[in-house]
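For reference, entry.cif (mmCIF, C-alpha atoms, pLDDT in the B column; chains and numbers go by the auth columns):
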data_protein
loop_
_atom_site.group_PDB
_atom_site.id
_atom_site.type_symbol
_atom_site.label_atom_id
_atom_site.label_comp_id
_atom_site.label_asym_id
_atom_site.label_seq_id
_atom_site.Cartn_x
_atom_site.Cartn_y
_atom_site.Cartn_z
_atom_site.B_iso_or_equiv
_atom_site.auth_seq_id
_atom_site.auth_asym_id
ATOM 1 C CA MET A 1 -4.338 46.203 -31.289 78.00 1 A
ATOM 2 C CA LEU A 2 -0.611 45.638 -31.795 76.00 2 A
ATOM 3 C CA GLN A 3 -0.205 44.523 -28.179 78.00 3 A
ATOM 4 C CA VAL A 4 -2.952 41.927 -28.585 76.00 4 A
ATOM 5 C CA VAL A 5 -1.277 40.538 -31.698 79.00 5 A
ATOM 6 C CA LEU A 6 2.088 40.342 -29.914 81.00 6 A
ATOM 7 C CA VAL A 7 0.580 38.540 -26.921 79.00 7 A
ATOM 8 C CA GLU A 8 -1.236 36.052 -29.147 78.00 8 A
ATOM 9 C CA GLY A 9 1.947 35.469 -31.133 83.00 9 A
ATOM 10 C CA ALA A 10 3.958 34.904 -27.960 83.00 10 A
ATOM 11 C CA LEU A 11 1.381 32.397 -26.676 81.00 11 A
ATOM 12 C CA LEU A 12 1.382 30.602 -30.017 82.00 12 A
ATOM 13 C CA VAL A 13 5.176 30.256 -29.943 81.00 13 A
ATOM 14 C CA LEU A 14 5.089 29.160 -26.298 79.00 14 A
ATOM 15 C CA PHE A 15 2.495 26.439 -26.839 75.00 15 A
ATOM 16 C CA SER A 16 4.249 25.326 -30.037 78.00 16 A
ATOM 17 C CA CYS A 17 7.684 24.952 -28.436 83.00 17 A
ATOM 18 C CA LEU A 18 6.796 23.736 -24.936 81.00 18 A
ATOM 19 C CA GLU A 19 4.373 21.229 -23.418 83.00 19 A
ATOM 20 C CA VAL A 20 2.728 24.033 -21.430 85.00 20 A
ATOM 21 C CA TRP A 21 -0.101 21.993 -19.933 86.00 21 A
ATOM 22 C CA TYR A 22 2.409 19.490 -18.539 90.00 22 A
ATOM 23 C CA PHE A 23 4.109 22.194 -16.498 91.00 23 A
ATOM 24 C CA VAL A 24 0.767 23.743 -15.502 91.00 24 A
ATOM 25 C CA ARG A 25 -0.577 20.436 -14.203 92.00 25 A
ATOM 26 C CA GLY A 26 2.693 19.739 -12.422 92.00 26 A
ATOM 27 C CA ALA A 27 2.543 23.098 -10.664 94.00 27 A
ATOM 28 C CA LEU A 28 -1.107 22.543 -9.708 94.00 28 A
ATOM 29 C CA ALA A 29 -0.246 19.107 -8.300 94.00 29 A
ATOM 30 C CA VAL A 30 2.494 20.593 -6.110 94.00 30 A
ATOM 31 C CA VAL A 31 0.276 23.420 -4.832 95.00 31 A
ATOM 32 C CA HIS A 32 -2.630 21.071 -4.091 94.00 32 A
ATOM 33 C CA ALA A 33 -0.415 18.537 -2.295 94.00 33 A
ATOM 34 C CA TRP A 34 1.279 21.223 -0.194 93.00 34 A
ATOM 35 C CA PHE A 35 -2.007 22.223 1.427 93.00 35 A
ATOM 36 C CA GLN A 36 -3.097 18.635 2.082 92.00 36 A
ATOM 37 C CA PRO A 37 -2.414 16.882 5.421 91.00 37 A
ATOM 38 C CA LYS A 38 1.180 15.706 5.604 88.00 38 A
ATOM 39 C CA ILE A 39 1.890 12.023 5.048 87.00 39 A
ATOM 40 C CA TRP A 40 4.045 10.857 7.962 82.00 40 A
ATOM 41 C CA ASP A 41 4.482 7.269 6.766 85.00 41 A
ATOM 42 C CA ILE A 42 6.319 7.236 3.430 86.00 42 A
ATOM 43 C CA LEU A 43 5.282 3.583 2.922 89.00 43 A
ATOM 44 C CA THR A 44 1.574 4.378 2.978 90.00 44 A
ATOM 45 C CA VAL A 45 -0.585 4.116 -0.153 94.00 45 A
ATOM 46 C CA HIS A 46 -1.216 7.522 -1.714 95.00 46 A
ATOM 47 C CA SER A 47 -4.241 8.238 -3.952 95.00 47 A
ATOM 48 C CA PHE A 48 -4.290 10.755 -6.792 96.00 48 A
ATOM 49 C CA GLY A 49 -7.562 11.274 -8.677 94.00 49 A
ATOM 50 C CA SER A 50 -7.947 12.069 -12.378 94.00 50 A
ATOM 51 C CA MET A 51 -10.235 11.547 -15.385 95.00 51 A
ATOM 52 C CA VAL A 52 -9.845 10.609 -19.034 95.00 52 A
ATOM 53 C CA LEU A 53 -10.267 13.754 -21.154 93.00 53 A
ATOM 54 C CA PRO A 54 -10.703 14.057 -24.943 92.00 54 A
ATOM 55 C CA ARG A 55 -7.074 15.134 -25.376 90.00 55 A
ATOM 56 C CA ASP A 56 -5.989 11.824 -23.771 92.00 56 A
ATOM 57 C CA LEU A 57 -7.616 9.672 -26.466 93.00 57 A
ATOM 58 C CA ASP A 58 -6.022 7.796 -29.334 90.00 58 A
ATOM 59 C CA GLN A 59 -7.527 6.513 -32.577 88.00 59 A
ATOM 60 C CA MET A 60 -9.251 3.705 -30.650 88.00 60 A
ATOM 61 C CA CYS A 61 -11.108 6.306 -28.541 88.00 61 A
ATOM 62 C CA HIS A 62 -9.609 5.192 -25.255 92.00 62 A
ATOM 63 C CA MET A 63 -6.754 6.554 -23.160 95.00 63 A
ATOM 64 C CA ASN A 64 -3.458 6.661 -25.056 94.00 64 A
ATOM 65 C CA ASN A 65 -0.827 4.320 -23.605 93.00 65 A
ATOM 66 C CA SER A 66 1.670 7.181 -23.257 92.00 66 A
ATOM 67 C CA ARG A 67 -0.790 9.120 -21.099 94.00 67 A
ATOM 68 C CA TYR A 68 -0.544 6.499 -18.384 96.00 68 A
ATOM 69 C CA LEU A 69 3.112 7.324 -17.779 95.00 69 A
ATOM 70 C CA ARG A 70 2.321 11.032 -17.905 94.00 70 A
ATOM 71 C CA GLU A 71 -0.349 10.652 -15.222 96.00 71 A
ATOM 72 C CA CYS A 72 2.113 8.638 -13.139 96.00 72 A
ATOM 73 C CA ASP A 73 4.466 11.643 -13.171 96.00 73 A
ATOM 74 C CA PHE A 74 1.792 13.879 -11.637 96.00 74 A
ATOM 75 C CA ALA A 75 0.814 11.243 -9.064 97.00 75 A
ATOM 76 C CA ARG A 76 4.434 10.782 -7.913 96.00 76 A
ATOM 77 C CA LEU A 77 4.967 14.545 -7.812 96.00 77 A
ATOM 78 C CA HIS A 78 1.856 14.922 -5.643 96.00 78 A
ATOM 79 C CA PHE A 79 3.010 12.060 -3.405 96.00 79 A
ATOM 80 C CA TYR A 80 6.572 13.337 -2.943 95.00 80 A
ATOM 81 C CA THR A 81 5.260 16.829 -2.168 95.00 81 A
ATOM 82 C CA GLN A 82 2.688 15.672 0.375 94.00 82 A
ATOM 83 C CA ASN A 83 5.145 13.507 2.311 91.00 83 A
ATOM 84 C CA ARG A 84 7.829 16.244 2.005 90.00 84 A
ATOM 85 C CA LEU A 85 10.370 13.940 0.370 92.00 85 A
ATOM 86 C CA LEU A 86 10.747 16.402 -2.506 92.00 86 A
ATOM 87 C CA LEU A 87 11.356 19.351 -0.180 91.00 87 A
ATOM 88 C CA ALA A 88 13.931 17.416 1.845 92.00 88 A
ATOM 89 C CA LEU A 89 15.673 16.341 -1.373 93.00 89 A
ATOM 90 C CA PHE A 90 15.979 19.953 -2.546 92.00 90 A
ATOM 91 C CA GLN A 91 17.342 20.981 0.850 92.00 91 A
ATOM 92 C CA LEU A 92 20.036 18.311 0.535 92.00 92 A
ATOM 93 C CA GLY A 93 20.907 19.475 -2.970 93.00 93 A
ATOM 94 C CA GLY A 94 19.745 16.283 -4.665 93.00 94 A
ATOM 95 C CA ARG A 95 17.685 15.522 -7.755 93.00 95 A
ATOM 96 C CA MET A 96 15.265 12.801 -8.776 94.00 96 A
ATOM 97 C CA VAL A 97 14.987 11.060 -12.170 94.00 97 A
ATOM 98 C CA VAL A 98 13.317 7.927 -13.522 95.00 98 A
ATOM 99 C CA GLY A 99 15.902 5.199 -14.029 94.00 99 A
ATOM 100 C CA ALA A 100 13.555 2.553 -15.397 94.00 100 A
ATOM 101 C CA SER A 101 9.853 1.796 -15.694 95.00 101 A
ATOM 102 C CA THR A 102 7.607 -0.979 -16.873 95.00 102 A
ATOM 103 C CA ILE A 103 3.833 -1.009 -17.192 96.00 103 A
ATOM 104 C CA ARG A 104 1.184 -3.685 -17.710 96.00 104 A
ATOM 105 C CA TYR A 105 -2.116 -2.695 -19.311 96.00 105 A
ATOM 106 C CA ARG A 106 -5.057 -4.807 -18.108 95.00 106 A
ATOM 107 C CA ARG A 107 -8.107 -2.877 -19.337 95.00 107 A
ATOM 108 C CA SER A 108 -8.512 0.355 -21.259 94.00 108 A
ATOM 109 C CA LEU A 109 -9.881 3.545 -19.714 95.00 109 A
ATOM 110 C CA ALA A 110 -12.729 5.135 -21.678 94.00 110 A
ATOM 111 C CA ILE A 111 -13.448 8.831 -22.176 93.00 111 A
ATOM 112 C CA TRP A 112 -14.770 10.656 -19.092 95.00 112 A
ATOM 113 C CA GLU A 113 -13.950 7.628 -16.942 95.00 113 A
ATOM 114 C CA PRO A 114 -12.734 8.718 -13.488 96.00 114 A
ATOM 115 C CA PHE A 115 -9.827 6.843 -11.961 97.00 115 A
ATOM 116 C CA GLU A 116 -7.280 7.115 -9.201 97.00 116 A
ATOM 117 C CA ILE A 117 -3.602 6.291 -9.151 97.00 117 A
ATOM 118 C CA GLN A 118 -2.496 4.463 -6.010 97.00 118 A
ATOM 119 C CA THR A 119 1.199 5.110 -5.414 97.00 119 A
ATOM 120 C CA LYS A 120 3.281 3.117 -2.956 95.00 120 A
ATOM 121 C CA ILE A 121 7.002 2.914 -2.226 94.00 121 A
ATOM 122 C CA LEU A 122 7.908 -0.775 -2.171 93.00 122 A
ATOM 123 C CA GLY A 123 11.466 -0.281 -0.952 91.00 123 A
ATOM 124 C CA TRP A 124 14.823 1.260 -1.770 91.00 124 A
ATOM 125 C CA ASP A 125 18.518 0.531 -2.098 90.00 125 A
ATOM 126 C CA GLU A 126 21.614 2.726 -1.995 90.00 126 A
ATOM 127 C CA LYS A 127 20.648 4.573 -5.190 92.00 127 A
ATOM 128 C CA ALA A 128 16.901 4.502 -5.835 94.00 128 A
ATOM 129 C CA PHE A 129 13.343 4.114 -4.587 94.00 129 A
ATOM 130 C CA TYR A 130 11.183 1.375 -6.103 95.00 130 A
ATOM 131 C CA VAL A 131 7.622 2.542 -6.642 96.00 131 A
ATOM 132 C CA GLU A 132 4.407 0.783 -7.652 96.00 132 A
ATOM 133 C CA GLN A 133 1.507 2.721 -9.202 97.00 133 A
ATOM 134 C CA ARG A 134 -1.938 1.255 -9.890 97.00 134 A
ATOM 135 C CA PHE A 135 -4.653 2.754 -12.088 97.00 135 A
ATOM 136 C CA VAL A 136 -7.942 1.937 -10.357 97.00 136 A
ATOM 137 C CA SER A 137 -11.240 2.757 -12.072 96.00 137 A
ATOM 138 C CA LYS A 138 -13.675 4.620 -9.827 95.00 138 A
ATOM 139 C CA ARG A 139 -16.593 3.007 -11.644 94.00 139 A
ATOM 140 C CA ASP A 140 -16.019 -0.555 -10.491 94.00 140 A
ATOM 141 C CA GLY A 141 -12.656 -0.602 -8.677 94.00 141 A
ATOM 142 C CA PHE A 142 -10.941 -2.606 -11.426 96.00 142 A
ATOM 143 C CA VAL A 143 -7.149 -2.226 -11.678 97.00 143 A
ATOM 144 C CA SER A 144 -6.721 -1.070 -15.281 96.00 144 A
ATOM 145 C CA ALA A 145 -2.923 -0.857 -15.286 97.00 145 A
ATOM 146 C CA VAL A 146 0.069 -1.423 -13.020 97.00 146 A
ATOM 147 C CA MET A 147 3.345 0.490 -13.383 96.00 147 A
ATOM 148 C CA PHE A 148 6.641 -0.167 -11.622 96.00 148 A
ATOM 149 C CA CYS A 149 9.213 2.610 -11.472 95.00 149 A
ATOM 150 C CA LYS A 150 12.826 2.861 -10.375 95.00 150 A
ATOM 151 C CA GLN A 151 13.198 6.417 -9.029 96.00 151 A
ATOM 152 C CA ASN A 152 16.908 7.241 -9.041 96.00 152 A
ATOM 153 C CA LEU A 153 18.349 9.914 -6.750 95.00 153 A
ATOM 154 C CA LEU A 154 21.259 12.052 -7.904 94.00 154 A
ATOM 155 C CA ASP A 155 23.723 13.690 -5.494 92.00 155 A
ATOM 156 C CA CYS A 156 21.916 11.996 -2.610 92.00 156 A
ATOM 157 C CA SER A 157 20.850 8.553 -1.386 92.00 157 A
ATOM 158 C CA PRO A 158 17.526 7.217 -0.075 91.00 158 A
ATOM 159 C CA ASP A 159 19.056 6.401 3.316 90.00 159 A
ATOM 160 C CA LYS A 160 20.445 9.914 3.704 91.00 160 A
ATOM 161 C CA LEU A 161 17.168 11.463 2.562 91.00 161 A
ATOM 162 C CA ILE A 162 15.021 9.416 4.964 88.00 162 A
ATOM 163 C CA ALA A 163 17.411 10.012 7.871 87.00 163 A
ATOM 164 C CA PHE A 164 17.306 13.771 7.237 88.00 164 A
ATOM 165 C CA LEU A 165 13.521 13.801 6.919 84.00 165 A
ATOM 166 C CA TRP A 166 12.767 11.739 10.015 79.00 166 A
ATOM 167 C CA LYS A 167 15.355 13.518 12.157 76.00 167 A
ATOM 168 C CA ARG A 168 13.548 16.797 11.469 64.00 168 A
ATOM 169 C CA ARG A 169 10.135 15.238 12.125 61.00 169 A
ATOM 170 C CA LEU A 170 11.330 13.709 15.397 59.00 170 A
ATOM 171 C CA ILE A 171 12.583 17.108 16.567 57.00 171 A
ATOM 172 C CA GLN A 172 9.245 18.716 15.680 58.00 172 A
ATOM 173 C CA SER A 173 7.316 15.945 17.442 58.00 173 A
ATOM 174 C CA LEU A 174 9.468 16.157 20.582 55.00 174 A
ATOM 175 C CA THR A 175 9.090 19.941 20.638 62.00 175 A
ATOM 176 C CA ARG A 176 5.296 19.625 20.599 61.00 176 A
ATOM 177 C CA THR A 177 5.449 16.931 23.290 62.00 177 A
ATOM 178 C CA VAL A 178 7.624 18.989 25.635 60.00 178 A
ATOM 179 C CA SER A 179 5.437 22.072 25.115 61.00 179 A
ATOM 180 C CA ALA A 180 2.306 20.093 25.938 64.00 180 A
ATOM 181 C CA ALA A 181 3.966 18.578 29.014 63.00 181 A
ATOM 182 C CA LEU A 182 5.073 21.960 30.344 61.00 182 A
ATOM 183 C CA ALA A 183 1.643 23.485 29.699 62.00 183 A
ATOM 184 C CA SER A 184 -0.117 20.598 31.440 64.00 184 A
ATOM 185 C CA SER A 185 2.241 20.736 34.452 60.00 185 A
ATOM 186 C CA PHE A 186 1.817 24.502 34.734 52.00 186 A
ATOM 187 C CA CYS A 187 -1.976 24.258 34.650 53.00 187 A
ATOM 188 C CA GLY A 188 -1.863 21.513 37.256 53.00 188 A
ATOM 189 C CA GLY A 189 0.282 23.640 39.556 52.00 189 A
ATOM 190 C CA VAL A 190 -2.145 26.554 39.311 46.00 190 A
ATOM 191 C CA GLN A 191 -5.070 24.278 40.141 51.00 191 A
ATOM 192 C CA ARG A 192 -3.268 22.883 43.186 51.00 192 A
ATOM 193 C CA GLN A 193 -2.493 26.386 44.428 52.00 193 A
ATOM 194 C CA ARG A 194 -6.184 27.224 44.250 51.00 194 A
ATOM 195 C CA GLY A 195 -7.025 24.116 46.219 49.00 195 A
ATOM 196 C CA ALA A 196 -8.768 22.463 43.296 45.00 196 A
ATOM 197 C CA ALA A 197 -8.743 18.723 42.937 43.00 197 A
ATOM 198 C CA TYR A 198 -6.263 17.742 40.285 41.00 198 A
ATOM 199 C CA THR A 199 -6.946 14.340 38.759 44.00 199 A
ATOM 200 C CA HIS A 200 -4.353 12.709 36.577 45.00 200 A
ATOM 201 C CA SER A 201 -6.271 10.683 34.011 44.00 201 A
ATOM 202 C CA HIS A 202 -4.289 8.968 31.265 43.00 202 A
ATOM 203 C CA SER A 203 -1.117 10.735 32.463 44.00 203 A
ATOM 204 C CA THR A 204 2.302 10.100 31.012 42.00 204 A
ATOM 205 C CA HIS A 205 5.299 9.628 33.328 43.00 205 A
ATOM 206 C CA THR A 206 8.655 10.596 31.906 42.00 206 A
ATOM 207 C CA ARG A 207 11.852 10.107 33.889 42.00 207 A
ATOM 208 C CA GLY A 208 14.004 13.276 33.829 41.00 208 A
ATOM 209 C CA SER A 209 17.719 13.672 34.107 40.00 209 A
ATOM 210 C CA GLY A 210 17.496 14.690 37.742 42.00 210 A
ATOM 211 C CA GLY A 211 15.486 11.643 38.743 41.00 211 A
ATOM 212 C CA GLY A 212 12.180 13.545 38.937 40.00 212 A
ATOM 213 C CA THR A 213 8.912 12.721 37.187 38.00 213 A
ATOM 214 C CA ILE A 214 6.961 14.988 34.840 37.00 214 A
ATOM 215 C CA ASN A 215 3.225 14.260 34.743 39.00 215 A
ATOM 216 C CA ALA A 216 1.584 15.443 31.517 45.00 216 A
ATOM 217 C CA ASP A 217 -1.804 14.698 30.028 46.00 217 A
ATOM 218 C CA LEU A 218 -0.748 14.611 26.398 44.00 218 A
ATOM 219 C CA PRO A 219 -3.362 15.040 23.646 46.00 219 A
ATOM 220 C CA PRO A 220 -4.085 11.838 21.669 48.00 220 A
ATOM 221 C CA ARG A 221 -2.787 13.402 18.445 44.00 221 A
ATOM 222 C CA ILE A 222 0.635 14.066 19.972 42.00 222 A
ATOM 223 C CA ARG A 223 0.738 10.585 21.529 43.00 223 A
ATOM 224 C CA ALA A 224 -0.038 9.058 18.129 48.00 224 A
ATOM 225 C CA GLU A 225 2.623 11.081 16.313 47.00 225 A
ATOM 226 C CA ASN A 226 5.351 10.463 18.891 46.00 226 A
ATOM 227 C CA PRO A 227 5.967 6.813 19.806 45.00 227 A
ATOM 228 C CA LEU A 228 8.277 7.935 22.619 43.00 228 A
ATOM 229 C CA CYS A 229 5.210 9.082 24.576 42.00 229 A
ATOM 230 C CA ASP A 230 4.120 5.480 25.275 45.00 230 A
#
What is this file in structure tokens?
Amino acid sequence: MLQVVLVEGALLVLFSCLEVWYFVRGALAVVHAWFQPKIWDILTVHSFGSMVLPRDLDQMCHMNNSRYLRECDFARLHFYTQNRLLLALFQLGGRMVVGASTIRYRRSLAIWEPFEIQTKILGWDEKAFYVEQRFVSKRDGFVSAVMFCKQNLLDCSPDKLIAFLWKRRLIQSLTRTVSAALASSFCGGVQRQRGAAYTHSHSTHTRGSGGGTINADLPPRIRAENPLCD
């Protein structure tokens, strides 16, 4: 009985002193984004779904204006996790903070109304990313609010972060390309030794350092991910 009372007391203190659900939702956003397909293009539009809950309401019975900025935090966190910008930033020893934000409210969101936040990086300078986030109602597609955010980087720069991220992705893409080329060439050699007809359809010709040519039938996925294959 005493243990139950202590646990309940500890939970009461925890929920009284900290915004527990904020950290829980943030953690869930990171976990969910990590297991989603990676976003290779950081300039693509990212969608994050949500819904207006009773705890989001104000005295007018629609979504509180402060909740919009809160939802934007989760959408950006999901976006930066899925495109691996957040992981690369941690590896470089940097941090990310909001330097400025402005929001325009166009139509209120009612209780139980589903919506999605469309996040897009508009550009960057030597210190920050500039991000646009749109609240789009799933009922009729109306843009209920638009938020612009200046995402400052500390102990790092956007150029350094992007260079680090794309250098690693290029190495991974080239590794997959070379592996596929070697596997295709090996299979072709075995077929020729057996006297089988070996047809090169949609083959890729890559000039080597010794002047030779490597013929490899690369899968479409690898060709799409690696522009050097064309």
message: Suppose a student applies the PyMOL selection byres ((chain A and resi 54-67) around 6) to this structure; what residues should they get, written as a ChimeraX atom specification?
response: /A:53,68-70,109-110
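Using all atoms listed in the file, the contacts of Lys138 in chain A at a cut-off of 7 Å, with sequence neighbours closer than 2 positions omitted, comprise Pro114, Phe115, Glu116, Val136, Asp140 and Gly141 of chain A.
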message: To one decimal place in Å, what is the distance between CA of His78 in chain A and CA of Ala145 in chain A?
response: 19.1 Å
Explicit residue set for the PyMOL selection byres ((chain A and resi 15-27) around 9), as a list in words: Ala10, Leu11, Leu12, Val13, Leu14, Leu28, Ala29, Val30, Val31, His32, Arg70, Asp73, Phe74, Leu77 and His78 of chain A
Please determine an axis-aligned box that encloses all atoms of range 14-24 of chain A listed in the file, with 3 Å added on each side, and express its centre and edge lengths in Å to one decimal as AutoDock Vina command-line options.
--center_x 3.8 --center_y 24.3 --center_z -22.8 --size_x 13.8 --size_y 15.7 --size_z 20.5
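Taking only C-alpha atoms into account, Gln82 in chain A lies nearest to A:Ile39 out of the set A:Leu122, A:Ile39, A:Ile103, A:Val45.
Interatomic distance, CA of Val97 in chain A against CA of Asp159 in chain A: 16.7 Å.
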- request: Can you work out which one of A:Phe79, A:Trp112, A:Trp166, A:Phe90 has the shortest atom-to-atom distance to Gln133 in chain A, counting all atoms listed in the file?
  value: A:Phe79
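Distances here use only C-alpha atoms; by that measure, the residue among A:Ile121, A:Val52, A:Leu85, A:Leu6 closest to Phe135 in chain A is A:Val52.
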field: Contacts of range 99-101 of chain A within 10 Å, all atoms listed in the file, excl. fewer than 3 positions in-chain, as a PyMOL selection string
entry: chain A and resi 69+96+128-132+147-153
task: Record the distance separating CA of Ala33 in chain A and CA of Gly94 in chain A, expressed in Å with one decimal.
output: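 CA of Gly94 in chain A lies at a distance of 20.4 Å from CA of Ala33 in chain A.
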message: Can you tell me which residues surround Ala75 in chain A at a distance of at most 7 Å, considering only C-alpha atoms, apart from same-chain residues fewer than 4 positions away, and format the answer as a list in words?
response: Phe48, Glu71, Phe79 and Ile117 of chain A
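Counting only C-alpha atoms and comparing A:Met51, A:Val7, A:Met1, A:Ala88, the residue that lies closest to Lys167 in chain A is A:Ala88.
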field: For Trp34 in chain A, the nearest of the candidates A:Arg84, A:Lys120, A:Arg104, A:Lys160, counting all atoms listed in the file
entry: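 Under the stated criterion, the closest residue is A:Arg84.
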